[in-house]
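Colleague: Starting off with a structure, shown below.
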Amino acid sequence: MNNDTSIPSAHAGRRELRLPEGIVDKAVAMSLAEDLGLGGDITTEATIPAGTRAKAVIAARKAGTVAGIQLAKSAFKTLDPLTEFETVIDDGGTVEAGGVIARVSGDARALLTAERTALNFLGHMSGIATLTARYVDAVKGTKARIIDTRKTTPGLRALEKFAVRCGGGVNHRFGLFDAVLIKDNHIEAAGGIGPALERAREHAGHMVKVEIEVTSIAELIDALELNPDAVLLDNMPPEMLKEAVEQVAGRVITEASGGVTLETVRAIAESGVDLISVGALTHSAPVLDIGLDF
């Protein structure tokens with residue numbers, strides 16, 4: 001599990017948030033290839049004379065938190081390297097309804113062809129960032145941090161987890177390879193909490209953290225005897241979470257998970273847990289309505 005404490009909250013002074021260029025370029029190339037197929041943009045080529053120049057603004061139809069600027073810029077510049085792209089609001093910044101996010105100018109055909117790819121990335125990622133920021137705001141004043149899960153769109157995990165960071169959240173493990181998370185089915189198949197944790201400790205390297213899921217105080221007590229790095233408190237009501245936090249007494253990291261909503265997250269945070277994982281950040285965030293206007 002990634003417990004990087006350097007990721008800032010949604011409203012703190014933040015360092016610049018950027019994705020590796022290789023991830024950006026690969027995602028954009030795949031998206032453009034999907035859109036253009038074998039014939040290219042036949043509508044634009046039929047209606048817009050070659051050499052036509054144009055200017056446009058990318059603006060938010062609704063207020064939200066921005067994520068995906070790099071991908072939007074890459075979409076336009078991939079088709080016309082001479083495109084001028086002026087970022088008005090950086091990733092992680094907030095935009096009001098009607099606010100300009102970026103200005104773009106260049107070959108009109110390239111702008112029109114790249115438009116949907118750019119807006120798809122911006123709208124989807126900004127929707128995730130916007131929902132994340134709402135959860136972060138909801139727990140403000142508590143010690144709890146909002147984290148994501150692996151419930152992501154296949155092929156887009158890096159982008160979606162980046163969007164969570166833009167909204168002030170923190171990333172959980174990226175995949176199955178970078179941390180041990182023992183869940184209920186692992187425990188059942190392994191023969192119990194003890195055998196599962198013991199085998200995990202034997203297998204995991206010294207840099208790999210081990211977290212285990214528990215559903216009751218009795219299971220928590222059993223797990224704590226084997227010194228995991230973190231415990232996932234699954235589907236516990238706030239009263240039980242508070243009891244669990246008292247039982248842990250700061251010995252390990254506590255993560256609350258299961259059915260978390262904007263209506264319940266505050267009470268969960270006030271139980272004293274360290275982390276609250278929310279699958280909805282990436283699997284249910286509505287797209288932020290963003291448009292491009294010539």
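Naming works like this for the structure tokens: A, B, ... for the chains as they're shown, residue 1 at the start of each chain, ligands 1 onward in shown order.
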Give me the residues near Phe294 of chain A as a list in words, where near means some atom within 10 Å (using only C-alpha atoms) and where sequence neighbours in that chain fewer than 3 positions away do not count.

Modeller: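 In the requested form, the answer reads Ala54, Lys55, Ala56, Val57, Ile58, Arg103, Val104, Ser105, Ala108, Leu111 and Leu112 of chain A.
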
Colleague: Would you kindly return, as a list in words, each protein, DNA or RNA residue with an atom no farther than 7 Å from any atom of segment 166-170 of chain A, considering only C-alpha atoms and excluding same-chain residues fewer than 2 positions away?

Modeller: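 Those residues are Ile7, Pro8, Ser9, Ala10, Thr65, Ala67, Asp91, Gly92, Ala129, Thr130, Thr132, Ala133, Val136, Arg145, Ile146, Ile147, Asp148, Phe162, Ala163, Val164 and His172 of chain A.
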
Colleague: Residues of segment 107-256 of chain A classed as alpha helix (DSSP H) by DSSP on the backbone are to be reported as number ranges by chain.

Modeller: A: 108-138, 157-166, 184-190, 193-203, 217-224, 238-248

Colleague: How far is it from atom CA of Ile253 of chain A to atom CA of Asp229 of chain A, in Å with one decimal?

Modeller: 6.5 Å

Colleague: Please provide as JSON, numbers by chain all residues within 7 Å of Val28 of chain A, with the sequence filter that same-chain residues fewer than 5 positions apart are discarded (counting only C-alpha atoms).

Modeller: {"A": [71, 74, 75]}

Colleague: Given the selection you just returned, output its residues as a file containing N, CA and C atoms, formatted as an mmCIF file, in the first residue's frame.

Modeller:
data_model
loop_
_atom_site.group_PDB
_atom_site.id
_atom_site.type_symbol
_atom_site.label_atom_id
_atom_site.label_comp_id
_atom_site.auth_asym_id
_atom_site.auth_seq_id
_atom_site.Cartn_x
_atom_site.Cartn_y
_atom_site.Cartn_z
ATOM 1 N N LEU A 71 -2.845 15.560 -21.284
ATOM 2 C CA LEU A 71 -3.381 14.722 -22.347
ATOM 3 C C LEU A 71 -4.090 15.550 -23.410
ATOM 4 N N SER A 74 -1.378 17.122 -25.490
ATOM 5 C CA SER A 74 -0.738 16.121 -26.329
ATOM 6 C C SER A 74 -1.619 15.744 -27.515
ATOM 7 N N ALA A 75 -2.932 15.691 -27.314
ATOM 8 C CA ALA A 75 -3.839 15.324 -28.406
ATOM 9 C C ALA A 75 -3.728 16.314 -29.561
#

Colleague: Could you find all residues in segment 101-249 of chain A that DSSP calls strand (DSSP E or B) from the backbone, and write them as number ranges by chain?

Modeller: A: 101-107, 145-147, 170, 180-182, 210-214, 230-234

Colleague: So which one's closest to Thr78 of chain A, A:Ser126, A:Leu32, A:Ala204, A:Ala190? Using only C-alpha atoms, please.

Modeller: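 Closest to Thr78 of chain A of all the choices is A:Leu32.
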
Colleague: Using only C-alpha atoms, can you tell me which of A:Gly155, A:Gly291, A:Gly250, A:Gly99 comes closest to Ala118 of chain A?

Modeller: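 Comparing A:Gly155, A:Gly291, A:Gly250, A:Gly99 against Ala118 of chain A, the winner is A:Gly291.
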
Colleague: Take atom CA of Asp107 of chain A and atom CA of Arg53 of chain A and report the distance between them in Å, one decimal.

Modeller: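 Between these atoms lies a distance of 4.7 Å.
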
Colleague: With only C-alpha atoms as the atoms that count, which of A:Ala244, A:Gly279, A:Arg157, A:Gly40 lies nearest to Ala218 of chain A?

Modeller: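 Smallest separation from Ala218 of chain A among the options: A:Ala244.
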
Colleague: Go through A:Ile23, A:Ile48, A:Leu224, A:Leu292 and flag the residue nearest Gln247 of chain A, using only C-alpha atoms for the distances.

Modeller: A:Leu224

Colleague: Which is closest to Val95 of chain A among A:Leu17, A:Leu241, A:Ile290, A:Ile193, if we use only C-alpha atoms?

Modeller: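 Among A:Leu17, A:Leu241, A:Ile290, A:Ile193, it is A:Ile290 that comes nearest to Val95 of chain A.
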
Colleague: Could you tell me which of A:Arg116, A:Gly22, A:Ala138, A:Phe121 comes closest to Leu156 of chain A if we count only C-alpha atoms?

Modeller: A:Phe121

Colleague: Between atom CA of Arg150 of chain A and atom CA of Lys62 of chain A, measure the distance and give it in Å to one decimal.

Modeller: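 Atom CA of Arg150 of chain A sits 27.6 Å away from atom CA of Lys62 of chain A.
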